[in-house]
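Participant: Could you have a look at this structure, given as structure tokens, before my questions?
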Amino acid sequence: MTAQIPARKPARPFFSSGPCAKPPGYSLDKLATESLGRSHRAKIGKSRLAYCIDLMRELLQLPDTHRIGIVPGSDTGAFEMAMWTMLGVRPVTALAWESFGEGWVTDAVKQLRLEPTVLRADYGELPDLSAVDWSNDVLFTWNGTTSGVRVPNGDWIPADREGLSFADATSAVFAYDIPWDKIDVATFSWQKALGGEGAHGVLILGPRAVERLESYTPAWPLPKVFRLISKGKLAEGVFKGETINTPSMLAVEDAIFTLEWAKSIGGLEGMIARSKANAKALNAIVESRDWLGHLAQDYASRSGTSVCLTVEGADADFIKKFAGLLEAEGAAYDIAGYRDAPPGLRIWCGATVDAADIEALGPWLDWAYHTLKK
Ligand SMILES: Cc1ncc(COP(=O)(O)O)c(C=O)c1O
């Protein structure tokens, strides 16, 4: 193999797994700005926040049974808010197969001191989902962004569960069909599959989560930014755009742009189709190179968004140089795997990436690999 530099670069070399590529055609001057410099509680601010919520509901095909609101602190803020307000009534099971799931375990153990049952798997694998005791509240990550392993579907979540299901779905929504009837709590942030901005979290609550919130007061203190209950009732305003504290209206306008784009390409089905086409194009690259492989062995639970790849003989230093070479050429940004994951590459295949850019990436991966091997 020669290390000849490829002729064509990806037009948009943005393959980061968060913040992810902006939607095709994005530019700042396309954002609506009437709400900027105004109170978020003025009519214009509230109506833009409510519109953003309505668009998310429509695009996610969220049933009326579920509430959806914008909260502080990105996905972490939303998930922590759910953990801190609802856990503690019944035993907890936490699933972890990569860094973010492990982060929720740490919280449950060290901060909330809940002594959860922890079901773990190594990077690239999924724990035994059939071993989950659903009399417990269950914490899991729908798509493990740092290992490229996701739950294949919601079939393992029983309809008649006693505990609540808590899904960190930040790199899953807008890329997979989520069976909302199996979800009591889900969280995500805009900078993943939507290509929006980091800032706010989105909190989705099913009816049983609301029941929990209204019937249970945790033993520990709750900071103001976590409080969802007012006078014993759910603070419904949060789910209509009356945010707990001041949001970034610029981030909201940016999210509205991406949601309108998502609508224009066929909504959820269009988003899923683009993501699948990207993952397919990347898979074709992997399959035709013996030095590249998938970290996730099992196809059914392999991520279609944060695709994690192994590189034969690569250690952390090799991967750093590999990603550095491609960044310096402007051929691919941010494709080194996550710092806690086994050394490898991670290439985002969400809908905001173009399949033609994934295809154009193949020869560049060859170039970097053979340049470093020489
Ligand atoms: C699965 C998962 N959970 C949580 C987070 C943290 O998200 P945020 O930075 O939006 O709080 C990430 C970020 O990459 C993630 O991938």
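Scheme for the structure tokens: letters A, B, ... for chains in order shown; per-chain residue numbers from 1; ligand numbers from 1 in order shown.
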Quick one: everything within 10 Å of segment 26-42 of chain A, counting only C-alpha atoms, minus sequence neighbours fewer than 4 positions away in the same chain. Send it as a list in words.

Facilitator: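 Contacts, with the query itself left out: Ala21, Lys22, Lys46, Ser47, Arg48, Leu49, Gly195, Gly241, Glu242, Thr243, Asn245, Thr246, Pro247, Ser248, Met249, Leu250, Ala251, Val252, Glu253, Asp254, Ala255, Ile256, Phe257, Thr258 and Trp261 of chain A.
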
Participant: Grab the residues selected above and save them as an mmCIF file, in the first residue's frame with C-alpha atoms.

Facilitator:
data_model
loop_
_atom_site.group_PDB
_atom_site.id
_atom_site.type_symbol
_atom_site.label_atom_id
_atom_site.label_comp_id
_atom_site.auth_asym_id
_atom_site.auth_seq_id
_atom_site.Cartn_x
_atom_site.Cartn_y
_atom_site.Cartn_z
ATOM 1 C CA ALA A 21 -21.757 18.261 12.558
ATOM 2 C CA LYS A 22 -24.225 21.066 11.960
ATOM 3 C CA LYS A 46 -41.898 31.811 25.583
ATOM 4 C CA SER A 47 -43.399 31.204 22.160
ATOM 5 C CA ARG A 48 -40.013 30.205 20.678
ATOM 6 C CA LEU A 49 -39.330 27.856 23.593
ATOM 7 C CA GLY A 195 -26.196 18.984 15.372
ATOM 8 C CA GLY A 241 -41.273 26.535 27.793
ATOM 9 C CA GLU A 242 -41.270 28.209 31.203
ATOM 10 C CA THR A 243 -37.734 27.159 31.971
ATOM 11 C CA ASN A 245 -33.805 29.473 34.904
ATOM 12 C CA THR A 246 -32.525 31.515 31.978
ATOM 13 C CA PRO A 247 -31.896 29.518 28.797
ATOM 14 C CA SER A 248 -29.674 30.533 25.889
ATOM 15 C CA MET A 249 -32.184 31.762 23.329
ATOM 16 C CA LEU A 250 -29.391 31.528 20.753
ATOM 17 C CA ALA A 251 -29.065 27.801 21.491
ATOM 18 C CA VAL A 252 -32.856 27.523 21.302
ATOM 19 C CA GLU A 253 -32.960 29.270 17.900
ATOM 20 C CA ASP A 254 -30.156 27.015 16.728
ATOM 21 C CA ALA A 255 -32.126 23.950 17.865
ATOM 22 C CA ILE A 256 -35.207 25.252 16.043
ATOM 23 C CA PHE A 257 -33.147 25.552 12.851
ATOM 24 C CA THR A 258 -31.949 21.968 13.142
ATOM 25 C CA TRP A 261 -34.169 20.982 8.821
#

Participant: Could you build a table of the residues in chain A lying no more than 8 Å from ligand 1, giving for each the nearest pair of atoms and their separation in Å rounded to one decimal place, using only C-alpha atoms and all ligand atoms, ordered by chain and ascending residue number, as CSV?

Facilitator:
residue,atom,partner,partner_atom_place_in_ligand_line,distance
A:Ser17,CA,ligand 1,14 (O),6.9
A:Gly18,CA,ligand 1,14 (O),5.6
A:Pro19,CA,ligand 1,14 (O),8.0
A:Gly73,CA,ligand 1,11 (O),6.3
A:Ser74,CA,ligand 1,10 (O),4.1
A:Asp75,CA,ligand 1,10 (O),3.8
A:Thr76,CA,ligand 1,11 (O),3.6
A:Gly77,CA,ligand 1,11 (O),6.2
A:Ala78,CA,ligand 1,11 (O),7.9
A:Phe100,CA,ligand 1,3 (N),5.0
A:Gly101,CA,ligand 1,1 (C),7.0
A:Thr141,CA,ligand 1,1 (C),5.8
A:Trp142,CA,ligand 1,1 (C),7.4
A:Asn143,CA,ligand 1,1 (C),6.0
A:Gly144,CA,ligand 1,1 (C),5.1
A:Thr145,CA,ligand 1,16 (O),4.5
A:Thr146,CA,ligand 1,16 (O),6.8
A:Asp168,CA,ligand 1,3 (N),6.0
A:Ala169,CA,ligand 1,1 (C),6.6
A:Thr170,CA,ligand 1,1 (C),5.6
A:Ser171,CA,ligand 1,16 (O),5.7
A:Phe188,CA,ligand 1,10 (O),6.9
A:Ser189,CA,ligand 1,10 (O),5.1
A:Trp190,CA,ligand 1,10 (O),7.7
A:Gln191,CA,ligand 1,10 (O),7.2
A:Lys192,CA,ligand 1,14 (O),7.8
A:Gly198,CA,ligand 1,10 (O),6.2
A:Ala199,CA,ligand 1,10 (O),7.4
A:His200,CA,ligand 1,10 (O),7.6
A:Gly201,CA,ligand 1,10 (O),6.7

Participant: What parts of segment 165-194 of chain A does DSSP call strand (DSSP E or B)? I'd like the answer as a ChimeraX atom specification.

Facilitator: /A:165-168,185-189

Participant: Name the residues of segment 29-200 of chain A that come out as helix (DSSP H, G or I) in a backbone DSSP run; write them as a tab-separated table (two decimals) with all heavy atoms, in the first residue's frame.

Facilitator:
chain	number	residue	atom	x	y	z
A	29	ASP	N	-26.35	33.05	9.90
A	29	ASP	CA	-27.29	34.09	9.45
A	29	ASP	C	-28.65	33.52	9.07
A	29	ASP	O	-29.58	34.27	8.76
A	29	ASP	CB	-26.69	34.94	8.32
A	29	ASP	CG	-26.32	34.11	7.11
A	29	ASP	OD1	-26.67	32.91	7.08
A	29	ASP	OD2	-25.68	34.65	6.19
A	30	LYS	N	-28.78	32.20	9.13
A	30	LYS	CA	-30.11	31.62	8.86
A	30	LYS	C	-30.94	31.47	10.15
A	30	LYS	O	-32.09	31.04	10.10
A	30	LYS	CB	-29.96	30.25	8.19
A	30	LYS	CG	-29.41	30.37	6.77
A	30	LYS	CD	-29.37	29.01	6.10
A	30	LYS	CE	-28.76	29.13	4.72
A	30	LYS	NZ	-28.41	27.82	4.15
A	43	LYS	N	-43.38	37.32	25.64
A	43	LYS	CA	-44.21	36.50	24.74
A	43	LYS	C	-43.36	35.83	23.65
A	43	LYS	O	-43.50	34.63	23.38
A	43	LYS	CB	-45.27	37.40	24.11
A	43	LYS	CG	-46.46	36.65	23.62
A	43	LYS	CD	-47.59	37.61	23.27
A	43	LYS	CE	-48.51	36.97	22.26
A	43	LYS	NZ	-49.41	37.92	21.63
A	44	ILE	N	-42.46	36.59	23.06
A	44	ILE	CA	-41.64	36.05	21.98
A	44	ILE	C	-40.75	34.91	22.47
A	44	ILE	O	-40.66	33.85	21.84
A	44	ILE	CB	-40.79	37.17	21.29
A	44	ILE	CG1	-39.79	36.60	20.28
A	44	ILE	CG2	-40.02	38.05	22.24
A	44	ILE	CD1	-40.30	36.47	18.92
A	45	GLY	N	-40.10	35.11	23.62
A	45	GLY	CA	-39.22	34.06	24.17
A	45	GLY	C	-39.99	32.80	24.49
A	45	GLY	O	-39.61	31.69	24.09
A	46	LYS	N	-41.09	32.99	25.20
A	46	LYS	CA	-41.90	31.81	25.58
A	46	LYS	C	-42.44	31.08	24.36
A	46	LYS	O	-42.50	29.85	24.33
A	46	LYS	CB	-43.05	32.24	26.50
A	46	LYS	CG	-42.62	32.32	27.95
A	46	LYS	CD	-43.69	31.91	28.93
A	46	LYS	CE	-44.83	32.86	29.04
A	46	LYS	NZ	-45.37	33.03	30.38
A	47	SER	N	-42.82	31.88	23.33
A	47	SER	CA	-43.40	31.20	22.16
A	47	SER	C	-42.32	30.44	21.38
A	47	SER	O	-42.57	29.36	20.86
A	47	SER	CB	-44.14	32.20	21.26
A	47	SER	OG	-43.21	33.01	20.58
A	48	ARG	N	-41.08	30.95	21.37
A	48	ARG	CA	-40.01	30.21	20.68
A	48	ARG	C	-39.65	28.94	21.46
A	48	ARG	O	-39.39	27.89	20.87
A	48	ARG	CB	-38.76	31.09	20.49
A	48	ARG	CG	-38.99	32.28	19.58
A	48	ARG	CD	-39.47	31.88	18.19
A	48	ARG	NE	-38.37	31.45	17.32
A	48	ARG	CZ	-38.56	30.94	16.10
A	48	ARG	NH1	-39.80	30.76	15.63
A	48	ARG	NH2	-37.54	30.58	15.36
A	49	LEU	N	-39.61	29.04	22.78
A	49	LEU	CA	-39.33	27.86	23.59
A	49	LEU	C	-40.43	26.81	23.40
A	49	LEU	O	-40.15	25.61	23.24
A	49	LEU	CB	-39.22	28.24	25.08
A	49	LEU	CG	-37.88	28.91	25.45
A	49	LEU	CD1	-38.03	29.79	26.68
A	49	LEU	CD2	-36.80	27.86	25.69
A	50	ALA	N	-41.68	27.27	23.38
A	50	ALA	CA	-42.81	26.34	23.20
A	50	ALA	C	-42.77	25.72	21.80
A	50	ALA	O	-43.03	24.52	21.62
A	50	ALA	CB	-44.13	27.07	23.43
A	51	TYR	N	-42.39	26.53	20.80
A	51	TYR	CA	-42.28	26.02	19.42
A	51	TYR	C	-41.19	24.94	19.34
A	51	TYR	O	-41.37	23.89	18.70
A	51	TYR	CB	-41.98	27.18	18.48
A	51	TYR	CG	-41.79	26.80	17.04
A	51	TYR	CD1	-42.73	26.03	16.35
A	51	TYR	CD2	-40.65	27.22	16.34
A	51	TYR	CE1	-42.54	25.69	15.01
A	51	TYR	CE2	-40.46	26.90	15.00
A	51	TYR	CZ	-41.40	26.12	14.35
A	51	TYR	OH	-41.21	25.78	13.03
A	52	CYS	N	-40.08	25.20	20.00
A	52	CYS	CA	-38.98	24.23	20.03
A	52	CYS	C	-39.46	22.92	20.65
A	52	CYS	O	-39.20	21.83	20.11
A	52	CYS	CB	-37.81	24.83	20.83
A	52	CYS	SG	-36.37	23.79	20.88
A	53	ILE	N	-40.19	23.01	21.73
A	53	ILE	CA	-40.73	21.82	22.40
A	53	ILE	C	-41.71	21.10	21.47
A	53	ILE	O	-41.66	19.87	21.32
A	53	ILE	CB	-41.41	22.23	23.74
A	53	ILE	CG1	-40.32	22.60	24.77
A	53	ILE	CG2	-42.31	21.12	24.28
A	53	ILE	CD1	-40.85	23.17	26.07
A	54	ASP	N	-42.58	21.87	20.82
A	54	ASP	CA	-43.56	21.25	19.90
A	54	ASP	C	-42.85	20.52	18.75
A	54	ASP	O	-43.26	19.43	18.36
A	54	ASP	CB	-44.49	22.32	19.29
A	54	ASP	CG	-45.46	22.87	20.33
A	54	ASP	OD1	-45.57	22.26	21.41
A	54	ASP	OD2	-46.07	23.92	20.06
A	55	LEU	N	-41.82	21.15	18.21
A	55	LEU	CA	-41.08	20.51	17.11
A	55	LEU	C	-40.42	19.21	17.58
A	55	LEU	O	-40.43	18.21	16.86
A	55	LEU	CB	-39.99	21.46	16.58
A	55	LEU	CG	-40.40	22.55	15.60
A	55	LEU	CD1	-39.20	23.47	15.33
A	55	LEU	CD2	-40.92	21.95	14.28
A	56	MET	N	-39.83	19.25	18.78
A	56	MET	CA	-39.19	18.04	19.29
A	56	MET	C	-40.22	16.93	19.46
A	56	MET	O	-39.99	15.78	19.09
A	56	MET	CB	-38.48	18.32	20.62
A	56	MET	CG	-37.25	19.20	20.48
A	56	MET	SD	-36.21	19.24	21.96
A	56	MET	CE	-37.19	20.18	23.10
A	57	ARG	N	-41.38	17.29	20.02
A	57	ARG	CA	-42.44	16.30	20.23
A	57	ARG	C	-42.87	15.68	18.90
A	57	ARG	O	-42.97	14.46	18.76
A	57	ARG	CB	-43.64	16.97	20.92
A	57	ARG	CG	-44.85	16.07	21.03
A	57	ARG	CD	-46.02	16.75	21.70
A	57	ARG	NE	-45.83	16.95	23.13
A	57	ARG	CZ	-45.88	15.98	24.05
A	57	ARG	NH1	-46.14	14.74	23.69
A	57	ARG	NH2	-45.69	16.24	25.33
A	58	GLU	N	-43.07	16.56	17.91
A	58	GLU	CA	-43.52	16.09	16.60
A	58	GLU	C	-42.48	15.16	15.96
A	58	GLU	O	-42.78	14.08	15.48
A	58	GLU	CB	-43.78	17.32	15.71
A	58	GLU	CG	-44.25	16.98	14.32
A	58	GLU	CD	-44.38	18.21	13.43
A	58	GLU	OE1	-44.38	19.36	13.95
A	58	GLU	OE2	-44.46	18.02	12.20
A	59	LEU	N	-41.22	15.62	15.99
A	59	LEU	CA	-40.17	14.85	15.32
A	59	LEU	C	-39.86	13.53	16.01
A	59	LEU	O	-39.52	12.54	15.36
A	59	LEU	CB	-38.90	15.69	15.20
A	59	LEU	CG	-38.96	16.60	13.99
A	59	LEU	CD1	-38.14	17.84	14.20
A	59	LEU	CD2	-38.51	15.85	12.76
A	60	LEU	N	-39.97	13.54	17.33
A	60	LEU	CA	-39.70	12.29	18.06
A	60	LEU	C	-40.90	11.36	18.04
A	60	LEU	O	-40.81	10.22	18.49
A	60	LEU	CB	-39.32	12.59	19.52
A	60	LEU	CG	-37.97	13.25	19.74
A	60	LEU	CD1	-37.82	13.70	21.18
A	60	LEU	CD2	-36.84	12.28	19.39
A	74	SER	N	-27.41	20.56	29.94
A	74	SER	CA	-27.21	19.59	28.87
A	74	SER	C	-27.76	18.22	29.28
A	74	SER	O	-28.60	18.12	30.18
A	74	SER	CB	-25.72	19.56	28.51
A	74	SER	OG	-25.51	19.14	27.19
A	75	ASP	N	-27.32	17.17	28.63
A	75	ASP	CA	-27.86	15.85	28.95
A	75	ASP	C	-27.55	15.47	30.39
A	75	ASP	O	-28.38	14.89	31.09
A	75	ASP	CB	-27.27	14.81	27.99
A	75	ASP	CG	-27.77	13.41	28.32
A	75	ASP	OD1	-28.97	13.17	28.19
A	75	ASP	OD2	-26.95	12.57	28.72
A	76	THR	N	-26.36	15.81	30.85
A	76	THR	CA	-25.96	15.48	32.22
A	76	THR	C	-26.94	16.12	33.21
A	76	THR	O	-27.40	15.48	34.16
A	76	THR	CB	-24.53	16.00	32.52
A	76	THR	OG1	-23.67	15.52	31.49
A	76	THR	CG2	-24.04	15.54	33.87
A	77	GLY	N	-27.27	17.39	32.97
A	77	GLY	CA	-28.20	18.09	33.85
A	77	GLY	C	-29.54	17.38	33.89
A	77	GLY	O	-30.13	17.17	34.96
A	78	ALA	N	-30.03	16.99	32.71
A	78	ALA	CA	-31.34	16.36	32.64
A	78	ALA	C	-31.33	15.00	33.33
A	78	ALA	O	-32.26	14.66	34.08
A	78	ALA	CB	-31.77	16.22	31.17
A	79	PHE	N	-30.28	14.21	33.08
A	79	PHE	CA	-30.25	12.87	33.68
A	79	PHE	C	-30.06	12.93	35.20
A	79	PHE	O	-30.69	12.20	35.95
A	79	PHE	CB	-29.17	12.00	33.01
A	79	PHE	CG	-29.45	10.53	33.14
A	79	PHE	CD1	-30.42	9.92	32.35
A	79	PHE	CD2	-28.80	9.74	34.09
A	79	PHE	CE1	-30.72	8.55	32.47
A	79	PHE	CE2	-29.08	8.38	34.22
A	79	PHE	CZ	-30.04	7.79	33.42
A	80	GLU	N	-29.18	13.84	35.63
A	80	GLU	CA	-28.96	13.99	37.08
A	80	GLU	C	-30.24	14.48	37.76
A	80	GLU	O	-30.58	14.05	38.86
A	80	GLU	CB	-27.86	15.03	37.33
A	80	GLU	CG	-26.51	14.63	36.75
A	80	GLU	CD	-25.57	14.11	37.80
A	80	GLU	OE1	-25.99	13.93	38.95
A	80	GLU	OE2	-24.41	13.87	37.45
A	81	MET	N	-30.94	15.37	37.09
A	81	MET	CA	-32.19	15.88	37.63
A	81	MET	C	-33.16	14.73	37.87
A	81	MET	O	-33.80	14.64	38.93
A	81	MET	CB	-32.78	16.86	36.61
A	81	MET	CG	-34.08	17.47	36.96
A	81	MET	SD	-34.55	18.48	35.54
A	81	MET	CE	-34.80	20.01	36.33
A	82	ALA	N	-33.23	13.82	36.91
A	82	ALA	CA	-34.12	12.67	37.04
A	82	ALA	C	-33.65	11.76	38.18
A	82	ALA	O	-34.45	11.33	39.02
A	82	ALA	CB	-34.17	11.91	35.72
A	83	MET	N	-32.35	11.48	38.22
A	83	MET	CA	-31.84	10.59	39.27
A	83	MET	C	-32.10	11.19	40.66
A	83	MET	O	-32.56	10.51	41.56
A	83	MET	CB	-30.33	10.38	39.10
A	83	MET	CG	-29.94	9.50	37.93
A	83	MET	SD	-28.14	9.31	37.78
A	83	MET	CE	-27.75	8.30	39.21
A	84	TRP	N	-31.77	12.46	40.79
A	84	TRP	CA	-31.83	13.08	42.12
A	84	TRP	C	-33.26	13.31	42.59
A	84	TRP	O	-33.53	13.37	43.79
A	84	TRP	CB	-31.05	14.41	42.13
A	84	TRP	CG	-29.57	14.18	42.16
A	84	TRP	CD1	-28.81	13.68	41.16
A	84	TRP	CD2	-28.68	14.41	43.26
A	84	TRP	NE1	-27.50	13.58	41.56
A	84	TRP	CE2	-27.40	14.04	42.85
A	84	TRP	CE3	-28.85	14.92	44.56
A	84	TRP	CZ2	-26.28	14.14	43.68
A	84	TRP	CZ3	-27.74	15.04	45.38
A	84	TRP	CH2	-26.47	14.64	44.95
A	85	THR	N	-34.20	13.44	41.68
A	85	THR	CA	-35.58	13.71	42.10
A	85	THR	C	-36.40	12.44	42.26
A	85	THR	O	-37.39	12.44	42.97
A	85	THR	CB	-36.33	14.62	41.09
A	85	THR	OG1	-36.23	14.03	39.79
A	85	THR	CG2	-35.76	16.02	41.07
A	86	MET	N	-36.00	11.36	41.56
A	86	MET	CA	-36.89	10.18	41.56
A	86	MET	C	-36.33	8.93	42.22
A	86	MET	O	-37.10	8.03	42.57
A	86	MET	CB	-37.30	9.86	40.12
A	86	MET	CG	-38.36	10.80	39.61
A	86	MET	SD	-38.77	10.48	37.90
A	86	MET	CE	-37.92	11.82	37.10
A	99	SER	N	-18.15	4.55	29.37
A	99	SER	CA	-17.86	5.64	30.30
A	99	SER	C	-19.08	6.38	30.85
A	99	SER	O	-19.15	6.67	32.05
A	99	SER	CB	-16.94	6.61	29.56
A	99	SER	OG	-16.73	7.73	30.31
A	100	PHE	N	-20.06	6.69	30.00
A	100	PHE	CA	-21.18	7.50	30.50
A	100	PHE	C	-22.10	6.70	31.42
A	100	PHE	O	-22.52	7.21	32.47
A	100	PHE	CB	-21.94	8.14	29.34
A	100	PHE	CG	-21.17	9.27	28.73
A	100	PHE	CD1	-20.55	9.12	27.49
A	100	PHE	CD2	-21.01	10.47	29.40
A	100	PHE	CE1	-19.79	10.15	26.94
A	100	PHE	CE2	-20.27	11.50	28.86
A	100	PHE	CZ	-19.66	11.34	27.62
A	101	GLY	N	-22.36	5.45	31.06
A	101	GLY	CA	-23.15	4.60	31.95
A	101	GLY	C	-22.43	4.45	33.29
A	101	GLY	O	-23.04	4.47	34.36
A	102	GLU	N	-21.11	4.33	33.22
A	102	GLU	CA	-20.30	4.20	34.43
A	102	GLU	C	-20.41	5.47	35.28
A	102	GLU	O	-20.39	5.41	36.51
A	102	GLU	CB	-18.84	3.94	34.02
A	102	GLU	CG	-17.96	3.31	35.06
A	102	GLU	CD	-18.50	1.98	35.59
A	102	GLU	OE1	-18.70	1.01	34.83
A	102	GLU	OE2	-18.70	1.92	36.81
A	103	GLY	N	-20.55	6.60	34.61
A	103	GLY	CA	-20.71	7.88	35.32
A	103	GLY	C	-21.98	7.89	36.16
A	103	GLY	O	-21.99	8.38	37.30
A	104	TRP	N	-23.05	7.32	35.60
A	104	TRP	CA	-24.31	7.29	36.38
A	104	TRP	C	-24.19	6.34	37.55
A	104	TRP	O	-24.76	6.56	38.61
A	104	TRP	CB	-25.50	6.92	35.48
A	104	TRP	CG	-25.61	7.76	34.23
A	104	TRP	CD1	-25.88	7.32	32.95
A	104	TRP	CD2	-25.45	9.19	34.11
A	104	TRP	NE1	-25.90	8.38	32.07
A	104	TRP	CE2	-25.63	9.54	32.75
A	104	TRP	CE3	-25.16	10.21	35.02
A	104	TRP	CZ2	-25.53	10.85	32.28
A	104	TRP	CZ3	-25.06	11.52	34.55
A	104	TRP	CH2	-25.25	11.83	33.21
A	105	VAL	N	-23.43	5.25	37.37
A	105	VAL	CA	-23.18	4.32	38.49
A	105	VAL	C	-22.46	5.06	39.61
A	105	VAL	O	-22.83	4.98	40.79
A	105	VAL	CB	-22.34	3.10	38.04
A	105	VAL	CG1	-21.91	2.27	39.23
A	105	VAL	CG2	-23.12	2.24	37.04
A	106	THR	N	-21.44	5.82	39.24
A	106	THR	CA	-20.66	6.57	40.24
A	106	THR	C	-21.57	7.50	41.03
A	106	THR	O	-21.48	7.60	42.25
A	106	THR	CB	-19.55	7.38	39.53
A	106	THR	OG1	-18.75	6.47	38.80
A	106	THR	CG2	-18.70	8.17	40.51
A	107	ASP	N	-22.46	8.16	40.32
A	107	ASP	CA	-23.39	9.07	40.99
A	107	ASP	C	-24.29	8.34	41.97
A	107	ASP	O	-24.50	8.78	43.10
A	107	ASP	CB	-24.31	9.70	39.95
A	107	ASP	CG	-23.89	11.12	39.70
A	107	ASP	OD1	-22.68	11.36	39.74
A	107	ASP	OD2	-24.79	11.95	39.50
A	108	ALA	N	-24.84	7.22	41.49
A	108	ALA	CA	-25.77	6.46	42.32
A	108	ALA	C	-25.05	5.93	43.56
A	108	ALA	O	-25.60	5.94	44.67
A	108	ALA	CB	-26.37	5.31	41.52
A	109	VAL	N	-23.80	5.51	43.39
A	109	VAL	CA	-23.06	4.90	44.50
A	109	VAL	C	-22.48	5.98	45.42
A	109	VAL	O	-22.72	5.98	46.63
A	109	VAL	CB	-21.92	4.00	43.97
A	109	VAL	CG1	-21.04	3.50	45.11
A	109	VAL	CG2	-22.49	2.83	43.18
A	110	LYS	N	-21.73	6.89	44.83
A	110	LYS	CA	-20.93	7.79	45.67
A	110	LYS	C	-21.69	9.04	46.12
A	110	LYS	O	-21.42	9.58	47.19
A	110	LYS	CB	-19.67	8.22	44.92
A	110	LYS	CG	-18.74	7.05	44.66
A	110	LYS	CD	-17.29	7.49	44.68
A	110	LYS	CE	-16.37	6.30	44.68
A	110	LYS	NZ	-15.30	6.43	43.70
A	111	GLN	N	-22.60	9.53	45.30
A	111	GLN	CA	-23.31	10.74	45.69
A	111	GLN	C	-24.63	10.42	46.38
A	111	GLN	O	-24.91	10.88	47.47
A	111	GLN	CB	-23.56	11.62	44.45
A	111	GLN	CG	-22.28	12.03	43.72
A	111	GLN	CD	-21.34	12.85	44.59
A	111	GLN	OE1	-21.78	13.69	45.36
A	111	GLN	NE2	-20.05	12.61	44.47
A	129	LEU	N	-29.12	-8.23	29.24
A	129	LEU	CA	-30.30	-7.41	29.49
A	129	LEU	C	-31.43	-8.23	30.13
A	129	LEU	O	-32.28	-7.68	30.82
A	129	LEU	CB	-30.79	-6.75	28.19
A	129	LEU	CG	-29.77	-5.82	27.49
A	129	LEU	CD1	-30.36	-5.30	26.18
A	129	LEU	CD2	-29.34	-4.67	28.39
A	130	SER	N	-31.40	-9.55	29.91
A	130	SER	CA	-32.47	-10.38	30.47
A	130	SER	C	-32.28	-10.58	31.98
A	130	SER	O	-33.16	-11.09	32.66
A	130	SER	CB	-32.52	-11.72	29.74
A	130	SER	OG	-31.38	-12.48	30.07
A	131	ALA	N	-31.11	-10.16	32.49
A	131	ALA	CA	-30.84	-10.34	33.93
A	131	ALA	C	-31.36	-9.17	34.77
A	131	ALA	O	-31.25	-9.18	36.00
A	131	ALA	CB	-29.33	-10.50	34.16
A	180	TRP	N	-41.66	4.57	23.04
A	180	TRP	CA	-41.89	5.48	24.18
A	180	TRP	C	-42.68	4.83	25.30
A	180	TRP	O	-42.56	5.24	26.46
A	180	TRP	CB	-42.56	6.77	23.69
A	180	TRP	CG	-41.61	7.55	22.82
A	180	TRP	CD1	-41.72	7.79	21.48
A	180	TRP	CD2	-40.38	8.18	23.23
A	180	TRP	NE1	-40.64	8.51	21.02
A	180	TRP	CE2	-39.80	8.75	22.08
A	180	TRP	CE3	-39.70	8.29	24.45
A	180	TRP	CZ2	-38.58	9.45	22.11
A	180	TRP	CZ3	-38.49	8.97	24.48
A	180	TRP	CH2	-37.95	9.54	23.33
A	181	ASP	N	-43.50	3.81	24.97
A	181	ASP	CA	-44.25	3.16	26.05
A	181	ASP	C	-43.32	2.41	27.01
A	181	ASP	O	-43.72	2.06	28.11
A	181	ASP	CB	-45.32	2.22	25.46
A	181	ASP	CG	-44.71	1.14	24.58
A	181	ASP	OD1	-43.66	1.39	23.95
A	181	ASP	OD2	-45.27	0.03	24.52
A	182	LYS	N	-42.08	2.17	26.59
A	182	LYS	CA	-41.12	1.49	27.47
A	182	LYS	C	-40.25	2.48	28.25
A	182	LYS	O	-39.36	2.10	28.99
A	182	LYS	CB	-40.22	0.56	26.65
A	182	LYS	CG	-40.96	-0.52	25.88
A	182	LYS	CD	-41.59	-1.53	26.83
A	182	LYS	CE	-42.31	-2.66	26.12
A	182	LYS	NZ	-41.44	-3.65	25.52

Participant: Compare A:Pro218, A:Ala351, A:Ile358, A:Ala314 by their minimum atom-to-atom distance to Ala284 of chain A, counting only C-alpha atoms, and give me the closest one.

Facilitator: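 So, comparing all the options, the nearest one is A:Ile358.
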
Participant: Could you state the separation of atom CA of Leu326 of chain A and atom CA of Pro13 of chain A in Å, given to one decimal place?

Facilitator: 9.4 Å

Participant: Between A:Ala332, A:Ala316, A:Val311, A:Leu203, which residue has the minimum interatomic distance to Pro72 of chain A, considering only C-alpha atoms?

Facilitator: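 Ranked by minimum distance to Pro72 of chain A, first place goes to A:Leu203.
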
Participant: Each residue of segment 82-179 of chain A lying at most 9 Å from segment 275-279 of chain A should get a row with its shortest atom-to-atom pair and the distance in Å to one decimal, counting only C-alpha atoms; could you produce that, ordered by chain and increasing number, as a tab-separated table?

Facilitator:
residue	atom	partner	partner_atom	distance
A:Phe174	CA	A:Ser275	CA	8.9
A:Ala175	CA	A:Ser275	CA	6.2
A:Tyr176	CA	A:Ser275	CA	8.9

Participant: Rounded to one decimal, what separation in Å do you get between atom CA of Gly330 of chain A and atom CA of Ala3 of chain A?

Facilitator: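 We find that atom CA of Gly330 of chain A and atom CA of Ala3 of chain A lie 16.8 Å from each other.
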